[in-house]
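Student: For reference, this is input34.pdb, and it has PDB, C-alpha atoms and all ligand atoms.
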```
ATOM      1  CA  MET A 129       7.575  11.889   3.701  1.00  0.00           C
ATOM      2  CA  LYS A 130       9.096   8.486   3.112  1.00  0.00           C
ATOM      3  CA  VAL A 131       8.699   6.418  -0.052  1.00  0.00           C
ATOM      4  CA  LEU A 132       9.778   2.792  -0.003  1.00  0.00           C
ATOM      5  CA  GLY A 133      10.289   0.955  -3.288  1.00  0.00           C
ATOM      6  CA  PHE A 134      10.438  -2.829  -3.589  1.00  0.00           C
ATOM      7  CA  MET A 135      12.316  -3.866  -6.710  1.00  0.00           C
ATOM      8  CA  GLY A 136      10.830  -7.262  -7.453  1.00  0.00           C
ATOM      9  CA  SER A 137      12.960  -8.517 -10.354  1.00  0.00           C
ATOM     10  CA  PRO A 138      16.131 -10.547  -9.874  1.00  0.00           C
ATOM     11  CA  ARG A 139      17.682  -8.492 -12.713  1.00  0.00           C
ATOM     12  CA  LYS A 140      19.252  -5.397 -11.177  1.00  0.00           C
ATOM     13  CA  GLY A 141      19.368  -2.416 -13.506  1.00  0.00           C
ATOM     14  CA  ALA A 142      16.816  -3.949 -15.881  1.00  0.00           C
ATOM     15  CA  ASN A 143      13.276  -2.906 -16.800  1.00  0.00           C
ATOM     16  CA  CYS A 144      11.544  -2.957 -13.397  1.00  0.00           C
ATOM     17  CA  ASP A 145      14.537  -1.334 -11.751  1.00  0.00           C
ATOM     18  CA  ILE A 146      14.641   1.476 -14.330  1.00  0.00           C
ATOM     19  CA  LEU A 147      10.878   2.003 -14.009  1.00  0.00           C
ATOM     20  CA  LEU A 148      11.141   2.104 -10.224  1.00  0.00           C
ATOM     21  CA  GLU A 149      14.106   4.493 -10.369  1.00  0.00           C
ATOM     22  CA  GLU A 150      12.027   6.854 -12.484  1.00  0.00           C
ATOM     23  CA  PHE A 151       9.140   6.652 -10.032  1.00  0.00           C
ATOM     24  CA  LEU A 152      11.460   7.265  -7.071  1.00  0.00           C
ATOM     25  CA  ALA A 153      13.059  10.211  -8.867  1.00  0.00           C
ATOM     26  CA  GLY A 154       9.596  11.709  -9.300  1.00  0.00           C
ATOM     27  CA  ALA A 155       8.909  11.159  -5.591  1.00  0.00           C
ATOM     28  CA  LYS A 156      12.217  12.821  -4.702  1.00  0.00           C
ATOM     29  CA  SER A 157      11.364  15.813  -6.886  1.00  0.00           C
ATOM     30  CA  ALA A 158       8.302  16.298  -4.680  1.00  0.00           C
ATOM     31  CA  GLY A 159      10.412  16.246  -1.513  1.00  0.00           C
ATOM     32  CA  ALA A 160      10.238  12.577  -0.511  1.00  0.00           C
ATOM     33  CA  ASP A 161      12.974  10.600   1.192  1.00  0.00           C
ATOM     34  CA  ILE A 162      13.335   7.499  -0.904  1.00  0.00           C
ATOM     35  CA  GLU A 163      14.621   4.011  -0.254  1.00  0.00           C
ATOM     36  CA  LYS A 164      14.855   1.046  -2.587  1.00  0.00           C
ATOM     37  CA  ILE A 165      14.946  -2.570  -1.473  1.00  0.00           C
ATOM     38  CA  TYR A 166      16.025  -5.331  -3.842  1.00  0.00           C
ATOM     39  CA  VAL A 167      13.598  -8.081  -2.928  1.00  0.00           C
ATOM     40  CA  TYR A 168      15.885 -10.771  -4.378  1.00  0.00           C
ATOM     41  CA  ASP A 169      18.699  -9.658  -2.043  1.00  0.00           C
ATOM     42  CA  LEU A 170      16.552 -10.270   1.023  1.00  0.00           C
ATOM     43  CA  LYS A 171      16.712 -13.344   3.159  1.00  0.00           C
ATOM     44  CA  ILE A 172      13.089 -14.443   3.338  1.00  0.00           C
ATOM     45  CA  ASN A 173      12.313 -17.777   4.922  1.00  0.00           C
ATOM     46  CA  ASP A 174       9.223 -19.321   3.361  1.00  0.00           C
ATOM     47  CA  CYS A 175       5.994 -19.348   5.312  1.00  0.00           C
ATOM     48  CA  GLN A 176       5.593 -22.872   6.679  1.00  0.00           C
ATOM     49  CA  GLY A 177       1.842 -22.643   7.019  1.00  0.00           C
ATOM     50  CA  CYS A 178       1.825 -23.013  10.805  1.00  0.00           C
ATOM     51  CA  TYR A 179      -1.359 -20.978  10.413  1.00  0.00           C
ATOM     52  CA  MET A 180      -1.604 -20.077  14.006  1.00  0.00           C
ATOM     53  CA  ASN A 181      -0.177 -17.363  16.168  1.00  0.00           C
ATOM     54  CA  CYS A 182       0.712 -14.917  13.447  1.00  0.00           C
ATOM     55  CA  PHE A 183      -2.930 -14.946  12.345  1.00  0.00           C
ATOM     56  CA  VAL A 184      -4.567 -14.469  15.690  1.00  0.00           C
ATOM     57  CA  ASP A 185      -2.291 -12.386  17.892  1.00  0.00           C
ATOM     58  CA  ASN A 186      -0.026  -9.426  17.513  1.00  0.00           C
ATOM     59  CA  SER A 187       3.216 -11.300  17.134  1.00  0.00           C
ATOM     60  CA  GLU A 188       5.641 -11.259  14.268  1.00  0.00           C
ATOM     61  CA  CYS A 189       5.945 -14.688  12.669  1.00  0.00           C
ATOM     62  CA  PRO A 190       6.583 -16.962  15.669  1.00  0.00           C
ATOM     63  CA  ARG A 191       8.617 -19.359  13.557  1.00  0.00           C
ATOM     64  CA  TRP A 192      10.988 -17.042  11.692  1.00  0.00           C
ATOM     65  CA  SER A 193      10.990 -13.695  13.535  1.00  0.00           C
ATOM     66  CA  GLY A 194      14.592 -12.609  14.139  1.00  0.00           C
ATOM     67  CA  SER A 195      16.054 -15.168  11.750  1.00  0.00           C
ATOM     68  CA  ASP A 196      15.630 -13.398   8.417  1.00  0.00           C
ATOM     69  CA  ASP A 197      15.101  -9.890   7.001  1.00  0.00           C
ATOM     70  CA  MET A 198      11.321  -9.692   7.341  1.00  0.00           C
ATOM     71  CA  ASP A 199      11.115  -7.949  10.737  1.00  0.00           C
ATOM     72  CA  ASN A 200      13.256  -5.160   9.298  1.00  0.00           C
ATOM     73  CA  VAL A 201      11.164  -5.023   6.110  1.00  0.00           C
ATOM     74  CA  HIS A 202       8.000  -4.667   8.189  1.00  0.00           C
ATOM     75  CA  GLU A 203       9.495  -1.810  10.219  1.00  0.00           C
ATOM     76  CA  LYS A 204      10.348  -0.032   6.987  1.00  0.00           C
ATOM     77  CA  MET A 205       6.866  -0.626   5.570  1.00  0.00           C
ATOM     78  CA  LYS A 206       5.208   0.662   8.741  1.00  0.00           C
ATOM     79  CA  SER A 207       7.241   3.867   8.731  1.00  0.00           C
ATOM     80  CA  SER A 208       6.609   4.637   5.043  1.00  0.00           C
ATOM     81  CA  ASP A 209       4.064   7.076   3.674  1.00  0.00           C
ATOM     82  CA  LEU A 210       3.999   5.343   0.322  1.00  0.00           C
ATOM     83  CA  ILE A 211       5.108   1.870  -0.730  1.00  0.00           C
ATOM     84  CA  VAL A 212       5.724   0.931  -4.355  1.00  0.00           C
ATOM     85  CA  PHE A 213       6.165  -2.528  -5.827  1.00  0.00           C
ATOM     86  CA  SER A 214       7.877  -2.796  -9.217  1.00  0.00           C
ATOM     87  CA  SER A 215       7.848  -6.335 -10.583  1.00  0.00           C
ATOM     88  CA  PRO A 216       7.909  -8.349 -13.798  1.00  0.00           C
ATOM     89  CA  VAL A 217       5.206 -10.773 -14.828  1.00  0.00           C
ATOM     90  CA  TYR A 218       6.566 -14.271 -14.207  1.00  0.00           C
ATOM     91  CA  CYS A 219       4.462 -17.111 -15.611  1.00  0.00           C
ATOM     92  CA  GLY A 220       1.403 -14.892 -15.426  1.00  0.00           C
ATOM     93  CA  THR A 221       1.876 -13.930 -11.765  1.00  0.00           C
ATOM     94  CA  PRO A 222       4.116 -11.769  -9.569  1.00  0.00           C
ATOM     95  CA  PRO A 223       7.567 -13.392  -9.138  1.00  0.00           C
ATOM     96  CA  SER A 224       8.014 -16.008  -6.431  1.00  0.00           C
ATOM     97  CA  LYS A 225      10.208 -13.919  -4.138  1.00  0.00           C
ATOM     98  CA  VAL A 226       7.657 -11.101  -4.135  1.00  0.00           C
ATOM     99  CA  MET A 227       5.011 -13.670  -3.248  1.00  0.00           C
ATOM    100  CA  ALA A 228       7.239 -14.944  -0.422  1.00  0.00           C
ATOM    101  CA  LEU A 229       7.490 -11.380   0.928  1.00  0.00           C
ATOM    102  CA  LEU A 230       3.733 -10.907   0.691  1.00  0.00           C
ATOM    103  CA  GLU A 231       3.012 -14.241   2.387  1.00  0.00           C
ATOM    104  CA  ARG A 232       5.353 -13.397   5.230  1.00  0.00           C
ATOM    105  CA  THR A 233       3.673 -10.021   5.739  1.00  0.00           C
ATOM    106  CA  ILE A 234       0.466 -11.740   6.779  1.00  0.00           C
ATOM    107  CA  ASP A 235       1.661 -11.480  10.388  1.00  0.00           C
ATOM    108  CA  GLN A 236       1.115  -7.722  10.232  1.00  0.00           C
ATOM    109  CA  LYS A 237      -2.544  -8.208  10.918  1.00  0.00           C
ATOM    110  CA  ALA A 238      -4.524 -10.453  13.219  1.00  0.00           C
ATOM    111  CA  VAL A 239      -7.920 -11.866  12.457  1.00  0.00           C
ATOM    112  CA  ASN A 240     -10.760 -13.331  14.484  1.00  0.00           C
ATOM    113  CA  MET A 241     -10.982 -16.706  12.780  1.00  0.00           C
ATOM    114  CA  GLU A 242     -14.731 -17.017  13.485  1.00  0.00           C
ATOM    115  CA  THR A 243     -15.827 -13.650  12.127  1.00  0.00           C
ATOM    116  CA  HIS A 244     -12.767 -12.768  10.002  1.00  0.00           C
ATOM    117  CA  ALA A 245     -12.866  -9.332  11.657  1.00  0.00           C
ATOM    118  CA  HIS A 246      -9.472  -7.654  11.942  1.00  0.00           C
ATOM    119  CA  LEU A 247      -8.156  -7.404  15.511  1.00  0.00           C
ATOM    120  CA  TYR A 248      -5.400  -5.116  14.320  1.00  0.00           C
ATOM    121  CA  ASN A 249      -3.823  -4.365  10.974  1.00  0.00           C
ATOM    122  CA  ASN A 250      -0.517  -2.542  10.589  1.00  0.00           C
ATOM    123  CA  MET A 251      -1.004  -2.204   6.846  1.00  0.00           C
ATOM    124  CA  LYS A 252      -4.457  -0.632   6.945  1.00  0.00           C
ATOM    125  CA  GLU A 253      -4.734   2.422   4.693  1.00  0.00           C
ATOM    126  CA  LYS A 254      -1.018   2.385   3.857  1.00  0.00           C
ATOM    127  CA  ARG A 255      -0.657   3.943   0.454  1.00  0.00           C
ATOM    128  CA  VAL A 256       0.675   1.678  -2.264  1.00  0.00           C
ATOM    129  CA  VAL A 257       1.420   1.834  -5.995  1.00  0.00           C
ATOM    130  CA  ILE A 258       1.972  -1.179  -8.252  1.00  0.00           C
ATOM    131  CA  LEU A 259       4.316  -1.010 -11.257  1.00  0.00           C
ATOM    132  CA  GLN A 260       4.725  -3.938 -13.635  1.00  0.00           C
ATOM    133  CA  THR A 261       6.559  -4.913 -16.799  1.00  0.00           C
ATOM    134  CA  ASN A 262       6.115  -7.909 -19.107  1.00  0.00           C
ATOM    135  CA  ALA A 263       7.428  -9.293 -22.381  1.00  0.00           C
ATOM    136  CA  TYR A 264       4.386 -10.081 -24.501  1.00  0.00           C
ATOM    137  CA  GLN A 265       2.710  -7.273 -26.400  1.00  0.00           C
ATOM    138  CA  GLY A 266      -0.319  -6.083 -24.494  1.00  0.00           C
ATOM    139  CA  LEU A 267      -1.075  -4.983 -20.953  1.00  0.00           C
ATOM    140  CA  LYS A 268      -3.664  -7.767 -20.637  1.00  0.00           C
ATOM    141  CA  TYR A 269      -0.801 -10.060 -19.519  1.00  0.00           C
ATOM    142  CA  GLN A 270      -0.514  -7.885 -16.421  1.00  0.00           C
ATOM    143  CA  ASP A 271      -4.162  -8.328 -15.444  1.00  0.00           C
ATOM    144  CA  LEU A 272      -3.725 -11.520 -13.440  1.00  0.00           C
ATOM    145  CA  PRO A 273      -0.684 -10.405 -11.408  1.00  0.00           C
ATOM    146  CA  LEU A 274      -2.378  -7.044 -10.868  1.00  0.00           C
ATOM    147  CA  ALA A 275      -5.448  -8.873  -9.550  1.00  0.00           C
ATOM    148  CA  VAL A 276      -3.168 -10.801  -7.174  1.00  0.00           C
ATOM    149  CA  TYR A 277      -1.693  -7.540  -5.855  1.00  0.00           C
ATOM    150  CA  LYS A 278      -5.139  -5.975  -5.624  1.00  0.00           C
ATOM    151  CA  TYR A 279      -6.502  -8.899  -3.646  1.00  0.00           C
ATOM    152  CA  ILE A 280      -3.591  -9.124  -1.202  1.00  0.00           C
ATOM    153  CA  LEU A 281      -2.883  -5.424  -0.747  1.00  0.00           C
ATOM    154  CA  GLY A 282      -6.307  -3.927  -1.266  1.00  0.00           C
ATOM    155  CA  GLU A 283      -8.782  -6.532  -0.046  1.00  0.00           C
ATOM    156  CA  ALA A 284      -6.849  -8.586   2.492  1.00  0.00           C
ATOM    157  CA  TRP A 285      -4.746  -5.811   4.033  1.00  0.00           C
ATOM    158  CA  LYS A 286      -7.031  -2.869   3.266  1.00  0.00           C
ATOM    159  CA  MET A 287      -4.154  -0.831   1.902  1.00  0.00           C
ATOM    160  CA  ASN A 288      -4.924   2.233  -0.137  1.00  0.00           C
ATOM    161  CA  ILE A 289      -3.970   1.397  -3.732  1.00  0.00           C
ATOM    162  CA  MET A 290      -3.288   4.851  -5.150  1.00  0.00           C
ATOM    163  CA  ASP A 291      -2.576   3.697  -8.689  1.00  0.00           C
ATOM    164  CA  SER A 292      -1.035   1.032 -10.866  1.00  0.00           C
ATOM    165  CA  PHE A 293       0.966   1.382 -14.021  1.00  0.00           C
ATOM    166  CA  GLY A 294       2.545  -1.041 -16.451  1.00  0.00           C
ATOM    167  CA  VAL A 295       4.733  -1.274 -19.534  1.00  0.00           C
ATOM    168  CA  ALA A 296       4.441  -4.219 -21.949  1.00  0.00           C
ATOM    169  CA  GLY A 297       6.659  -5.664 -24.682  1.00  0.00           C
ATOM    170  CA  LEU A 298       9.946  -5.674 -22.731  1.00  0.00           C
ATOM    171  CA  LYS A 299      12.215  -8.679 -23.094  1.00  0.00           C
ATOM    172  CA  ASN A 300      15.818  -7.581 -22.818  1.00  0.00           C
ATOM    173  CA  ALA A 301      17.182  -5.875 -19.739  1.00  0.00           C
ATOM    174  CA  GLY A 302      17.250  -2.302 -21.040  1.00  0.00           C
ATOM    175  CA  ASP A 303      14.266  -2.369 -23.412  1.00  0.00           C
ATOM    176  CA  ILE A 304      12.300   0.082 -21.269  1.00  0.00           C
ATOM    177  CA  LYS A 305      14.827   2.853 -21.966  1.00  0.00           C
ATOM    178  CA  LYS A 306      13.107   3.313 -25.348  1.00  0.00           C
ATOM    179  CA  CYS A 307       9.772   3.931 -23.623  1.00  0.00           C
ATOM    180  CA  THR A 308      10.447   7.545 -22.755  1.00  0.00           C
ATOM    181  CA  GLU A 309       6.770   8.472 -22.523  1.00  0.00           C
ATOM    182  CA  GLU A 310       6.028   5.672 -20.066  1.00  0.00           C
ATOM    183  CA  LEU A 311       9.066   6.534 -17.953  1.00  0.00           C
ATOM    184  CA  LYS A 312       7.927  10.128 -17.803  1.00  0.00           C
ATOM    185  CA  LYS A 313       4.462   8.927 -16.790  1.00  0.00           C
ATOM    186  CA  ALA A 314       5.985   6.998 -13.873  1.00  0.00           C
ATOM    187  CA  TYR A 315       7.966  10.067 -12.800  1.00  0.00           C
ATOM    188  CA  ASP A 316       4.932  12.335 -13.050  1.00  0.00           C
ATOM    189  CA  LEU A 317       2.683   9.854 -11.267  1.00  0.00           C
ATOM    190  CA  ALA A 318       5.047   9.727  -8.274  1.00  0.00           C
ATOM    191  CA  ALA A 319       5.434  13.504  -8.193  1.00  0.00           C
ATOM    192  CA  LYS A 320       1.651  13.921  -8.299  1.00  0.00           C
ATOM    193  CA  ILE A 321       0.963  11.382  -5.554  1.00  0.00           C
ATOM    194  CA  CYS A 322       3.725  12.743  -3.317  1.00  0.00           C
ATOM    195  CA  SER A 323       2.583  16.330  -3.748  1.00  0.00           C
ATOM    196  CA  LYS A 324      -0.901  15.212  -2.739  1.00  0.00           C
ATOM    197  CA  ILE A 325       0.429  13.403   0.333  1.00  0.00           C
ATOM    198  CA  LYS A 326       2.409  16.498   1.354  1.00  0.00           C
ATOM    199  CA  SER A 327      -0.539  18.865   1.116  1.00  0.00           C
TER     200      SER A 327
HETATM  201  C1  LIG B 401      10.641 -16.899 -15.553  1.00  0.00           C
HETATM  202  C2  LIG B 401      10.028 -15.817 -16.407  1.00  0.00           C
HETATM  203  C3  LIG B 401       8.673 -15.860 -16.667  1.00  0.00           C
HETATM  204  C4  LIG B 401       8.078 -14.861 -17.445  1.00  0.00           C
HETATM  205  N1  LIG B 401       6.736 -14.921 -17.689  1.00  0.00           N
HETATM  206  C5  LIG B 401       6.162 -13.978 -18.450  1.00  0.00           C
HETATM  207  C6  LIG B 401       4.758 -14.028 -18.726  1.00  0.00           C
HETATM  208  O1  LIG B 401       4.040 -14.903 -18.245  1.00  0.00           O
HETATM  209  N2  LIG B 401       4.220 -13.065 -19.528  1.00  0.00           N
HETATM  210  C7  LIG B 401       4.985 -12.060 -20.057  1.00  0.00           C
HETATM  211  O2  LIG B 401       4.449 -11.212 -20.793  1.00  0.00           O
HETATM  212  N3  LIG B 401       6.311 -11.966 -19.796  1.00  0.00           N
HETATM  213  C8  LIG B 401       6.909 -12.898 -19.008  1.00  0.00           C
HETATM  214  N4  LIG B 401       8.261 -12.819 -18.725  1.00  0.00           N
HETATM  215  C9  LIG B 401       9.052 -11.664 -19.208  1.00  0.00           C
HETATM  216  C10 LIG B 401       9.277 -10.568 -18.164  1.00  0.00           C
HETATM  217  O3  LIG B 401       8.083 -10.270 -17.456  1.00  0.00           O
HETATM  218  C11 LIG B 401       9.743  -9.265 -18.823  1.00  0.00           C
HETATM  219  O4  LIG B 401      10.829  -9.490 -19.662  1.00  0.00           O
HETATM  220  C12 LIG B 401      10.081  -8.201 -17.789  1.00  0.00           C
HETATM  221  O5  LIG B 401      10.216  -6.941 -18.408  1.00  0.00           O
HETATM  222  C13 LIG B 401      11.368  -8.536 -17.045  1.00  0.00           C
HETATM  223  O6  LIG B 401      11.629  -7.525 -16.102  1.00  0.00           O
HETATM  224  P1  LIG B 401      13.136  -7.136 -15.707  1.00  0.00           P
HETATM  225  O7  LIG B 401      13.784  -6.685 -16.975  1.00  0.00           O
HETATM  226  O8  LIG B 401      13.002  -6.071 -14.699  1.00  0.00           O
HETATM  227  O9  LIG B 401      13.750  -8.372 -15.168  1.00  0.00           O
HETATM  228  C14 LIG B 401       8.877 -13.814 -17.979  1.00  0.00           C
HETATM  229  C15 LIG B 401      10.257 -13.786 -17.713  1.00  0.00           C
HETATM  230  C16 LIG B 401      10.837 -14.791 -16.944  1.00  0.00           C
HETATM  231  C17 LIG B 401      12.321 -14.739 -16.675  1.00  0.00           C
END
```
I need this file expressed as structure tokens, please.
Tutor:
Amino acid sequence: MKVLGFMGSPRKGANCDILLEEFLAGAKSAGADIEKIYVYDLKINDCQGCYMNCFVDNSECPRWSGSDDMDNVHEKMKSSDLIVFSSPVYCGTPPSKVMALLERTIDQKAVNMETHAHLYNNMKEKRVVILQTNAYQGLKYQDLPLAVYKYILGEAWKMNIMDSFGVAGLKNAGDIKKCTEELKKAYDLAAKICSKIKS
């Protein structure tokens, strides 16, 4: 069983990273092979909106395939049993580099542009978990970015969103270390999901 974690904050070792580490440790405790990718370390060329071949045939992005890290990212996503995104709220949305990754993953499905029916979809039913952190007090600030994830992952790509989990009120890099209950929840959530996948 393979669990792939995308760390979606530019701050390594900070709140999202610590939360993701806890989740991955929980997955490992249930027997998973884990891998973490720092999204901000990736070379991701921006989608140029060509809007053509990647939407309607089974090619990787015809413009950028082979010239950045996205082909490799897609291979890793396809071979994973569970994918987890851990990201901060940035201006009320997921951070821009995470959005760039999501935009560039649109080539993993093809759509009949008349009927919108999927011709194929590499992401269909892939299990996914969304973890978020934000600074303001209150999880309501995570609603909009969560809705963005839910639309892209759940509705557009038909992935199987197993759960989502967030921690609010975190400004400085290590603030989440005080949230021992929440960190334990992330660990337990991963262990529970991975045990379920195994059985
Ligand atoms: C550019 C930027 C925009 C942010 N926008 C928001 C926001 O809209 N709402 C919020 O509650 N926190 C916001 N934050 C705070 C971060 O979401 C929060 O501190 C988070 O825990 C940072 O995660 P990290 O420690 O993993 O980098 C913002 C931070 C930055 C740097």
Student: Taking all listed atoms of ligand LIG 401 (chain B), build the axis-aligned box, pad each of the six sides by 4 Å, then write its centre and edge lengths in Å to one decimal as JSON.
Tutor:
```
{"center_x": 8.9, "center_y": -11.5, "center_z": -17.7, "size_x": 17.7, "size_y": 18.8, "size_z": 14.1}
```
Student: Find the residues with any atom within 8 Å of (-4.3, -16.8, 16.2); use all atoms listed in the file and the coordinates as given in the file, and write the answer as a ChimeraX atom specification.
Tutor: /A:179-185,238-241
Student: Write as a ChimeraX atom specification the residues around ligand LIG 401 (chain B), taking 8 Å as the cut-off and counting all atoms listed in the file.
Tutor: /A:136-146,215-221,223,260-266,269-270,295-304
Student: Quick one: everything within 8 Å of segment 194-197 of chain A, counting all atoms listed in the file, minus sequence neighbours fewer than 6 positions away in the same chain. Send it as an MDAnalysis selection string.
Tutor: chainID A and resid 170:173
Student: Go ahead and dump the residues you just picked, C-alpha atoms, as a PDB file, in the coordinates of the input.
Tutor:
```pdb
ATOM      1  CA  LEU A 170      16.552 -10.270   1.023  1.00  0.00           C
ATOM      2  CA  LYS A 171      16.712 -13.344   3.159  1.00  0.00           C
ATOM      3  CA  ILE A 172      13.089 -14.443   3.338  1.00  0.00           C
ATOM      4  CA  ASN A 173      12.313 -17.777   4.922  1.00  0.00           C
TER       5      ASN A 173
END
```
Student: From the options A:Leu259, A:Ala314, A:Ala228, A:Met198, which residue's atoms come nearest to Ser292 of chain A, counting all atoms listed in the file?
Tutor: A:Leu259
Student: Could you write out as a list in words the residues that the PyMOL selection byres (((chain A and resi 233-237) around 8) and not hetatm) matches in the shown file?
Tutor: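 This file, filtered by the PyMOL selection byres (((chain A and resi 233-237) around 8) and not hetatm), leaves Cys182, Phe183, Asn186, Ser187, Glu188, Cys189, Met198, His202, Leu229, Leu230, Glu231, Arg232, Ala238, Val239, His246, Leu247, Tyr248, Asn249, Asn250, Met251 and Trp285 of chain A.
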